[in-house]
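Raw query04.cif, mmCIF, N, CA and C atoms:
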```cif
data_my_file
#
loop_
_atom_site.label_atom_id
_atom_site.label_comp_id
_atom_site.auth_asym_id
_atom_site.auth_seq_id
_atom_site.Cartn_x
_atom_site.Cartn_y
_atom_site.Cartn_z
N MET A 1 -17.39 27.83 -0.17
CA MET A 1 -18.24 26.88 -0.84
C MET A 1 -19.50 26.69 0.02
N PRO A 2 -20.59 27.36 -0.33
CA PRO A 2 -21.79 27.37 0.51
C PRO A 2 -22.38 25.98 0.76
N SER A 3 -22.40 25.12 -0.24
CA SER A 3 -22.99 23.79 -0.07
C SER A 3 -22.18 22.94 0.90
N TRP A 4 -20.88 23.18 0.98
CA TRP A 4 -20.02 22.37 1.86
C TRP A 4 -20.49 22.47 3.31
N ALA A 5 -20.74 23.68 3.78
CA ALA A 5 -21.15 23.87 5.18
C ALA A 5 -22.45 23.11 5.48
N ARG A 6 -23.34 23.07 4.51
CA ARG A 6 -24.63 22.41 4.70
C ARG A 6 -24.50 20.88 4.62
N LEU A 7 -23.56 20.38 3.82
CA LEU A 7 -23.48 18.95 3.55
C LEU A 7 -22.28 18.25 4.17
N GLU A 8 -21.44 18.99 4.86
CA GLU A 8 -20.24 18.42 5.46
C GLU A 8 -20.57 17.24 6.38
N LYS A 9 -21.73 17.27 7.01
CA LYS A 9 -22.13 16.18 7.91
C LYS A 9 -22.14 14.83 7.19
N HIS A 10 -22.52 14.84 5.90
CA HIS A 10 -22.54 13.60 5.13
C HIS A 10 -21.12 13.10 4.85
N VAL A 11 -20.21 14.03 4.63
CA VAL A 11 -18.81 13.66 4.41
C VAL A 11 -18.25 13.03 5.69
N ARG A 12 -18.50 13.67 6.81
CA ARG A 12 -18.01 13.14 8.09
C ARG A 12 -18.59 11.75 8.36
N ALA A 13 -19.86 11.56 8.06
CA ALA A 13 -20.49 10.25 8.27
C ALA A 13 -19.85 9.18 7.39
N ALA A 14 -19.57 9.52 6.15
CA ALA A 14 -18.93 8.56 5.24
C ALA A 14 -17.51 8.24 5.69
N LEU A 15 -16.81 9.23 6.20
CA LEU A 15 -15.43 9.02 6.62
C LEU A 15 -15.32 8.10 7.84
N LYS A 16 -16.40 7.90 8.56
CA LYS A 16 -16.37 6.98 9.70
C LYS A 16 -16.08 5.55 9.25
N TYR A 17 -16.35 5.25 7.98
CA TYR A 17 -16.08 3.91 7.46
C TYR A 17 -14.63 3.77 7.01
N ALA A 18 -13.90 4.87 6.95
CA ALA A 18 -12.47 4.86 6.59
C ALA A 18 -11.75 5.85 7.50
N PRO A 19 -11.75 5.60 8.80
CA PRO A 19 -11.31 6.61 9.76
C PRO A 19 -9.85 7.01 9.67
N ASP A 20 -9.03 6.20 9.05
CA ASP A 20 -7.61 6.52 9.00
C ASP A 20 -7.17 7.11 7.68
N SER A 21 -8.10 7.43 6.79
CA SER A 21 -7.68 7.93 5.48
C SER A 21 -7.65 9.45 5.40
N HIS A 22 -8.72 10.11 5.77
CA HIS A 22 -8.82 11.56 5.62
C HIS A 22 -9.68 12.14 6.74
N SER A 23 -9.55 13.42 6.92
CA SER A 23 -10.47 14.16 7.78
C SER A 23 -11.35 14.99 6.85
N ASP A 24 -12.42 15.57 7.39
CA ASP A 24 -13.25 16.43 6.55
C ASP A 24 -12.43 17.61 6.01
N ARG A 25 -11.45 18.08 6.78
CA ARG A 25 -10.60 19.19 6.33
C ARG A 25 -9.71 18.78 5.15
N THR A 26 -9.14 17.58 5.21
CA THR A 26 -8.28 17.16 4.09
C THR A 26 -9.11 16.88 2.84
N VAL A 27 -10.35 16.43 3.02
CA VAL A 27 -11.24 16.26 1.86
C VAL A 27 -11.51 17.62 1.23
N LEU A 28 -11.85 18.60 2.06
CA LEU A 28 -12.11 19.95 1.54
C LEU A 28 -10.86 20.50 0.84
N ASP A 29 -9.69 20.29 1.40
CA ASP A 29 -8.46 20.75 0.76
C ASP A 29 -8.28 20.14 -0.62
N ARG A 30 -8.59 18.85 -0.77
CA ARG A 30 -8.48 18.20 -2.08
C ARG A 30 -9.46 18.81 -3.08
N ILE A 31 -10.63 19.17 -2.61
CA ILE A 31 -11.62 19.82 -3.49
C ILE A 31 -11.12 21.20 -3.90
N LEU A 32 -10.68 21.97 -2.92
CA LEU A 32 -10.25 23.36 -3.21
C LEU A 32 -9.02 23.42 -4.09
N THR A 33 -8.19 22.38 -4.08
CA THR A 33 -6.99 22.37 -4.92
C THR A 33 -7.23 21.67 -6.26
N GLY A 34 -8.46 21.23 -6.50
CA GLY A 34 -8.80 20.61 -7.78
C GLY A 34 -8.45 19.14 -7.88
N LYS A 35 -8.02 18.54 -6.79
CA LYS A 35 -7.68 17.11 -6.82
C LYS A 35 -8.91 16.23 -6.67
N ALA A 36 -10.02 16.81 -6.23
CA ALA A 36 -11.29 16.10 -6.10
C ALA A 36 -12.40 17.06 -6.52
N GLN A 37 -13.55 16.49 -6.85
CA GLN A 37 -14.69 17.28 -7.29
C GLN A 37 -15.85 17.08 -6.33
N PHE A 38 -16.59 18.14 -6.08
CA PHE A 38 -17.70 18.13 -5.12
C PHE A 38 -18.99 18.37 -5.88
N PHE A 39 -19.89 17.41 -5.83
CA PHE A 39 -21.21 17.54 -6.45
C PHE A 39 -22.23 17.58 -5.32
N ALA A 40 -23.10 18.56 -5.35
CA ALA A 40 -24.05 18.77 -4.25
C ALA A 40 -25.49 18.79 -4.76
N TYR A 41 -26.37 18.28 -3.92
CA TYR A 41 -27.80 18.35 -4.16
C TYR A 41 -28.41 18.87 -2.87
N GLU A 42 -29.72 18.91 -2.76
CA GLU A 42 -30.37 19.49 -1.59
C GLU A 42 -29.86 18.92 -0.28
N ASP A 43 -29.93 17.60 -0.14
CA ASP A 43 -29.50 16.96 1.11
C ASP A 43 -28.56 15.79 0.83
N SER A 44 -27.71 15.94 -0.17
CA SER A 44 -26.80 14.87 -0.55
C SER A 44 -25.57 15.45 -1.21
N CYS A 45 -24.49 14.69 -1.16
CA CYS A 45 -23.30 15.12 -1.87
C CYS A 45 -22.51 13.91 -2.34
N MET A 46 -21.66 14.14 -3.31
CA MET A 46 -20.81 13.12 -3.86
C MET A 46 -19.46 13.77 -4.16
N ILE A 47 -18.41 13.07 -3.82
CA ILE A 47 -17.06 13.57 -4.09
C ILE A 47 -16.37 12.55 -4.98
N THR A 48 -15.78 13.06 -6.05
CA THR A 48 -15.13 12.20 -7.02
C THR A 48 -13.68 12.61 -7.20
N GLU A 49 -12.95 11.73 -7.84
CA GLU A 49 -11.60 12.06 -8.29
C GLU A 49 -11.36 11.32 -9.59
N ILE A 50 -10.54 11.90 -10.45
CA ILE A 50 -10.20 11.27 -11.71
C ILE A 50 -8.93 10.44 -11.48
N ILE A 51 -8.99 9.20 -11.88
CA ILE A 51 -7.86 8.29 -11.76
C ILE A 51 -7.39 7.95 -13.17
N LYS A 52 -6.11 8.16 -13.42
CA LYS A 52 -5.54 7.84 -14.74
C LYS A 52 -4.75 6.54 -14.61
N TYR A 53 -5.35 5.49 -15.12
CA TYR A 53 -4.68 4.20 -15.18
C TYR A 53 -3.89 4.14 -16.49
N PRO A 54 -2.97 3.20 -16.63
CA PRO A 54 -2.19 3.13 -17.87
C PRO A 54 -3.06 2.94 -19.13
N LYS A 55 -4.21 2.25 -18.99
CA LYS A 55 -5.02 1.96 -20.17
C LYS A 55 -6.31 2.77 -20.27
N ASN A 56 -6.68 3.48 -19.22
CA ASN A 56 -7.91 4.27 -19.30
C ASN A 56 -7.98 5.32 -18.19
N LYS A 57 -8.99 6.14 -18.28
CA LYS A 57 -9.22 7.22 -17.33
C LYS A 57 -10.58 6.96 -16.68
N VAL A 58 -10.60 6.95 -15.34
CA VAL A 58 -11.79 6.54 -14.60
C VAL A 58 -12.21 7.63 -13.63
N CYS A 59 -13.51 7.82 -13.51
CA CYS A 59 -14.05 8.71 -12.48
C CYS A 59 -14.40 7.85 -11.28
N ARG A 60 -13.70 8.09 -10.18
CA ARG A 60 -13.93 7.32 -8.95
C ARG A 60 -14.84 8.11 -8.02
N VAL A 61 -15.96 7.51 -7.65
CA VAL A 61 -16.80 8.09 -6.61
C VAL A 61 -16.17 7.66 -5.30
N TRP A 62 -15.69 8.64 -4.58
CA TRP A 62 -14.88 8.41 -3.41
C TRP A 62 -15.71 8.52 -2.13
N ILE A 63 -16.59 9.49 -2.09
CA ILE A 63 -17.45 9.71 -0.92
C ILE A 63 -18.84 10.09 -1.43
N ALA A 64 -19.85 9.51 -0.82
CA ALA A 64 -21.22 9.90 -1.13
C ALA A 64 -22.03 9.78 0.16
N GLY A 65 -22.95 10.68 0.34
CA GLY A 65 -23.78 10.62 1.53
C GLY A 65 -25.03 11.45 1.39
N GLY A 66 -26.03 11.08 2.17
CA GLY A 66 -27.29 11.81 2.15
C GLY A 66 -28.43 10.93 1.69
N ASN A 67 -29.40 11.53 1.05
CA ASN A 67 -30.60 10.89 0.57
C ASN A 67 -30.27 10.01 -0.65
N LEU A 68 -30.58 8.73 -0.58
CA LEU A 68 -30.18 7.80 -1.65
C LEU A 68 -30.79 8.17 -3.01
N LYS A 69 -32.03 8.62 -3.03
CA LYS A 69 -32.65 9.02 -4.30
C LYS A 69 -31.88 10.20 -4.91
N GLN A 70 -31.51 11.15 -4.08
CA GLN A 70 -30.73 12.29 -4.57
C GLN A 70 -29.32 11.86 -5.00
N ILE A 71 -28.74 10.90 -4.30
CA ILE A 71 -27.43 10.38 -4.68
C ILE A 71 -27.51 9.77 -6.08
N HIS A 72 -28.58 9.05 -6.37
CA HIS A 72 -28.75 8.48 -7.71
C HIS A 72 -28.85 9.60 -8.75
N GLN A 73 -29.55 10.69 -8.42
CA GLN A 73 -29.63 11.82 -9.35
C GLN A 73 -28.26 12.46 -9.54
N LEU A 74 -27.52 12.60 -8.46
CA LEU A 74 -26.16 13.12 -8.57
C LEU A 74 -25.30 12.20 -9.42
N GLY A 75 -25.51 10.90 -9.28
CA GLY A 75 -24.76 9.93 -10.06
C GLY A 75 -24.91 10.16 -11.54
N GLU A 76 -26.11 10.48 -11.99
CA GLU A 76 -26.33 10.76 -13.41
C GLU A 76 -25.58 12.02 -13.83
N GLN A 77 -25.57 13.02 -12.98
CA GLN A 77 -24.82 14.26 -13.25
C GLN A 77 -23.32 13.96 -13.32
N VAL A 78 -22.84 13.13 -12.41
CA VAL A 78 -21.41 12.78 -12.38
C VAL A 78 -21.03 11.99 -13.63
N VAL A 79 -21.88 11.06 -14.06
CA VAL A 79 -21.59 10.28 -15.27
C VAL A 79 -21.48 11.20 -16.48
N ALA A 80 -22.38 12.14 -16.61
CA ALA A 80 -22.33 13.08 -17.73
C ALA A 80 -21.04 13.91 -17.67
N TRP A 81 -20.71 14.41 -16.49
CA TRP A 81 -19.49 15.21 -16.32
C TRP A 81 -18.25 14.38 -16.63
N ALA A 82 -18.20 13.14 -16.11
CA ALA A 82 -17.04 12.27 -16.32
C ALA A 82 -16.84 11.96 -17.79
N THR A 83 -17.92 11.75 -18.50
CA THR A 83 -17.83 11.50 -19.94
C THR A 83 -17.22 12.70 -20.64
N GLU A 84 -17.64 13.90 -20.26
CA GLU A 84 -17.06 15.14 -20.83
C GLU A 84 -15.56 15.24 -20.53
N GLN A 85 -15.13 14.66 -19.40
CA GLN A 85 -13.72 14.72 -19.01
C GLN A 85 -12.88 13.64 -19.70
N GLY A 86 -13.52 12.80 -20.50
CA GLY A 86 -12.81 11.75 -21.21
C GLY A 86 -12.69 10.44 -20.46
N CYS A 87 -13.46 10.29 -19.41
CA CYS A 87 -13.42 9.03 -18.65
C CYS A 87 -14.15 7.94 -19.43
N THR A 88 -13.61 6.73 -19.36
CA THR A 88 -14.24 5.59 -20.02
C THR A 88 -15.08 4.76 -19.06
N ASP A 89 -14.83 4.93 -17.77
CA ASP A 89 -15.54 4.14 -16.76
C ASP A 89 -15.74 4.98 -15.51
N ALA A 90 -16.64 4.49 -14.67
CA ALA A 90 -16.81 5.06 -13.33
C ALA A 90 -16.68 3.92 -12.34
N GLU A 91 -16.12 4.21 -11.19
CA GLU A 91 -16.00 3.20 -10.14
C GLU A 91 -16.36 3.82 -8.81
N ILE A 92 -16.79 2.98 -7.89
CA ILE A 92 -17.16 3.42 -6.56
C ILE A 92 -16.23 2.73 -5.57
N VAL A 93 -15.66 3.50 -4.66
CA VAL A 93 -14.92 2.93 -3.55
C VAL A 93 -15.80 3.13 -2.33
N GLY A 94 -16.22 2.03 -1.72
CA GLY A 94 -17.12 2.16 -0.58
C GLY A 94 -17.38 0.81 0.05
N ARG A 95 -18.23 0.84 1.03
CA ARG A 95 -18.55 -0.39 1.74
C ARG A 95 -19.48 -1.26 0.89
N ASP A 96 -19.65 -2.50 1.32
CA ASP A 96 -20.41 -3.47 0.53
C ASP A 96 -21.84 -3.05 0.22
N GLY A 97 -22.46 -2.25 1.07
CA GLY A 97 -23.83 -1.82 0.84
C GLY A 97 -24.04 -1.09 -0.48
N TRP A 98 -22.99 -0.47 -0.99
CA TRP A 98 -23.12 0.26 -2.26
C TRP A 98 -23.34 -0.68 -3.43
N GLU A 99 -22.95 -1.94 -3.30
CA GLU A 99 -23.16 -2.90 -4.39
C GLU A 99 -24.66 -3.01 -4.70
N ARG A 100 -25.49 -3.01 -3.67
CA ARG A 100 -26.95 -3.08 -3.87
C ARG A 100 -27.54 -1.73 -4.26
N ALA A 101 -26.92 -0.66 -3.79
CA ALA A 101 -27.50 0.67 -3.97
C ALA A 101 -27.04 1.38 -5.23
N ALA A 102 -26.16 0.77 -6.01
CA ALA A 102 -25.60 1.43 -7.19
C ALA A 102 -25.93 0.64 -8.45
N PRO A 103 -27.11 0.90 -9.02
CA PRO A 103 -27.49 0.16 -10.22
C PRO A 103 -26.51 0.42 -11.37
N GLY A 104 -26.23 -0.64 -12.10
CA GLY A 104 -25.31 -0.52 -13.24
C GLY A 104 -23.86 -0.80 -12.88
N PHE A 105 -23.55 -0.81 -11.60
CA PHE A 105 -22.18 -1.11 -11.15
C PHE A 105 -22.12 -2.58 -10.75
N LYS A 106 -20.97 -3.19 -10.96
CA LYS A 106 -20.76 -4.56 -10.49
C LYS A 106 -19.45 -4.62 -9.74
N LYS A 107 -19.38 -5.52 -8.81
CA LYS A 107 -18.18 -5.66 -8.00
C LYS A 107 -17.00 -6.05 -8.89
N ALA A 108 -15.91 -5.30 -8.78
CA ALA A 108 -14.74 -5.56 -9.61
C ALA A 108 -13.54 -6.01 -8.78
N ALA A 109 -13.54 -5.69 -7.51
CA ALA A 109 -12.40 -6.05 -6.65
C ALA A 109 -12.80 -5.91 -5.19
N THR A 110 -12.00 -6.47 -4.33
CA THR A 110 -12.15 -6.30 -2.90
C THR A 110 -10.80 -5.87 -2.36
N VAL A 111 -10.81 -4.91 -1.46
CA VAL A 111 -9.57 -4.42 -0.87
C VAL A 111 -9.48 -4.92 0.56
N TYR A 112 -8.35 -5.51 0.91
CA TYR A 112 -8.10 -5.94 2.27
C TYR A 112 -7.00 -5.05 2.83
N ARG A 113 -7.11 -4.72 4.09
CA ARG A 113 -6.16 -3.79 4.69
C ARG A 113 -5.59 -4.40 5.96
N ARG A 114 -4.32 -4.13 6.18
CA ARG A 114 -3.65 -4.60 7.38
C ARG A 114 -2.88 -3.43 7.97
N THR A 115 -3.07 -3.16 9.24
CA THR A 115 -2.33 -2.10 9.91
C THR A 115 -0.91 -2.57 10.17
N LEU A 116 0.04 -1.73 9.87
CA LEU A 116 1.47 -2.08 10.05
C LEU A 116 2.06 -1.35 11.22
#
```
What is this structure when it is put down as structure tokens?
Amino acid sequence: MPSWARLEKHVRAALKYAPDSHSDRTVLDRILTGKAQFFAYEDSCMITEIIKYPKNKVCRVWIAGGNLKQIHQLGEQVVAWATEQGCTDAEIVGRDGWERAAPGFKKAATVYRRTL
């Protein structure tokens, strides 16, 4: 995947906010096995996954990084793709800064985590 080598730095940077969830290698494995989708632009990338809830199907933006203007352009591409996949909604899992940077999205939940 040629774009991966160029944009992996953005994935690694995003993963610093969730250091115990995945490595860049496990993210790539999810993409290569079809469990996640990789959308690339010149200096930005977005990784999504389809979540099937009991009442609907949602496209979750799981990782995004790079140039914010390009991320917004990728977002439009992802919305079109997700609609084709039968998704009724899109959601973003990320830090609070995305609330301001993601027009059209509104906060729906907050996740609290405790190490066991």
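Running DSSP on the backbone gives strand (DSSP E or B) for these residues within chain A: Gln37, Phe38, Phe39, Ala40, Tyr41, Ser44, Cys45, Met46, Ile47, Thr48, Glu49, Ile50, Ile51, Lys52, Lys57, Val58, Cys59, Arg60, Val61, Trp62, Ile63, Ala64, Gly65, Gly66, Asp89, Ala90, Glu91 and Ile92 of chain A.
With CA of Leu32 in chain A on one side and CA of Gly94 in chain A on the other, the separation reads 22.4 Å.
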Do you know which residues the PyMOL selection byres ((chain A and resi 38-49) around 7) returns on this file, as an mmCIF file with N, CA and C atoms, in the frame of the given file?
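Saved to part-v9.cif:
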```cif
data_model
loop_
_atom_site.group_PDB
_atom_site.id
_atom_site.type_symbol
_atom_site.label_atom_id
_atom_site.label_comp_id
_atom_site.auth_asym_id
_atom_site.auth_seq_id
_atom_site.Cartn_x
_atom_site.Cartn_y
_atom_site.Cartn_z
ATOM 1 N N SER A 3 -22.400 25.120 -0.240
ATOM 2 C CA SER A 3 -22.990 23.790 -0.070
ATOM 3 C C SER A 3 -22.180 22.940 0.900
ATOM 4 N N LEU A 7 -23.560 20.380 3.820
ATOM 5 C CA LEU A 7 -23.480 18.950 3.550
ATOM 6 C C LEU A 7 -22.280 18.250 4.170
ATOM 7 N N HIS A 10 -22.520 14.840 5.900
ATOM 8 C CA HIS A 10 -22.540 13.600 5.130
ATOM 9 C C HIS A 10 -21.120 13.100 4.850
ATOM 10 N N ILE A 31 -10.630 19.170 -2.610
ATOM 11 C CA ILE A 31 -11.620 19.820 -3.490
ATOM 12 C C ILE A 31 -11.120 21.200 -3.900
ATOM 13 N N LYS A 35 -8.020 18.540 -6.790
ATOM 14 C CA LYS A 35 -7.680 17.110 -6.820
ATOM 15 C C LYS A 35 -8.910 16.230 -6.670
ATOM 16 N N ALA A 36 -10.020 16.810 -6.230
ATOM 17 C CA ALA A 36 -11.290 16.100 -6.100
ATOM 18 C C ALA A 36 -12.400 17.060 -6.520
ATOM 19 N N GLN A 37 -13.550 16.490 -6.850
ATOM 20 C CA GLN A 37 -14.690 17.280 -7.290
ATOM 21 C C GLN A 37 -15.850 17.080 -6.330
ATOM 22 N N ILE A 50 -10.540 11.900 -10.450
ATOM 23 C CA ILE A 50 -10.200 11.270 -11.710
ATOM 24 C C ILE A 50 -8.930 10.440 -11.480
ATOM 25 N N ILE A 51 -8.990 9.200 -11.880
ATOM 26 C CA ILE A 51 -7.860 8.290 -11.760
ATOM 27 C C ILE A 51 -7.390 7.950 -13.170
ATOM 28 N N VAL A 58 -10.600 6.950 -15.340
ATOM 29 C CA VAL A 58 -11.790 6.540 -14.600
ATOM 30 C C VAL A 58 -12.210 7.630 -13.630
ATOM 31 N N CYS A 59 -13.510 7.820 -13.510
ATOM 32 C CA CYS A 59 -14.050 8.710 -12.480
ATOM 33 C C CYS A 59 -14.400 7.850 -11.280
ATOM 34 N N ARG A 60 -13.700 8.090 -10.180
ATOM 35 C CA ARG A 60 -13.930 7.320 -8.950
ATOM 36 C C ARG A 60 -14.840 8.110 -8.020
ATOM 37 N N VAL A 61 -15.960 7.510 -7.650
ATOM 38 C CA VAL A 61 -16.800 8.090 -6.610
ATOM 39 C C VAL A 61 -16.170 7.660 -5.300
ATOM 40 N N TRP A 62 -15.690 8.640 -4.580
ATOM 41 C CA TRP A 62 -14.880 8.410 -3.410
ATOM 42 C C TRP A 62 -15.710 8.520 -2.130
ATOM 43 N N ILE A 63 -16.590 9.490 -2.090
ATOM 44 C CA ILE A 63 -17.450 9.710 -0.920
ATOM 45 C C ILE A 63 -18.840 10.090 -1.430
ATOM 46 N N ALA A 64 -19.850 9.510 -0.820
ATOM 47 C CA ALA A 64 -21.220 9.900 -1.130
ATOM 48 C C ALA A 64 -22.030 9.780 0.160
ATOM 49 N N GLY A 65 -22.950 10.680 0.340
ATOM 50 C CA GLY A 65 -23.780 10.620 1.530
ATOM 51 C C GLY A 65 -25.030 11.450 1.390
ATOM 52 N N GLY A 66 -26.030 11.080 2.170
ATOM 53 C CA GLY A 66 -27.290 11.810 2.150
ATOM 54 C C GLY A 66 -28.430 10.930 1.690
ATOM 55 N N ASN A 67 -29.400 11.530 1.050
ATOM 56 C CA ASN A 67 -30.600 10.890 0.570
ATOM 57 C C ASN A 67 -30.270 10.010 -0.650
ATOM 58 N N GLN A 70 -31.510 11.150 -4.080
ATOM 59 C CA GLN A 70 -30.730 12.290 -4.570
ATOM 60 C C GLN A 70 -29.320 11.860 -5.000
ATOM 61 N N ILE A 71 -28.740 10.900 -4.300
ATOM 62 C CA ILE A 71 -27.430 10.380 -4.680
ATOM 63 C C ILE A 71 -27.510 9.770 -6.080
ATOM 64 N N LEU A 74 -27.520 12.600 -8.460
ATOM 65 C CA LEU A 74 -26.160 13.120 -8.570
ATOM 66 C C LEU A 74 -25.300 12.200 -9.420
#
```
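Excluding range 24-30 of chain A and any residue on its chain fewer than 3 positions from it, the residues at most 8 Å away by only C-alpha atoms are Glu8, Val11, Arg12, Leu15, Thr33, Gly34, Lys35 and Ala36 of chain A.
Picture a line from atom N of Ile92 in chain A to atom C of Ala109 in chain A; it runs 10.1 Å.
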Backbone-only DSSP, alpha helix (DSSP H) members of chain A, as number ranges by chain = A: 2-15, 24-32, 68-84, 97-101
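You can rank A:Lys69, A:Asp89, A:Ala82, A:Arg100 by their closest distance to Lys57 in chain A using all atoms listed in the file, and at the top of that list sits A:Asp89.
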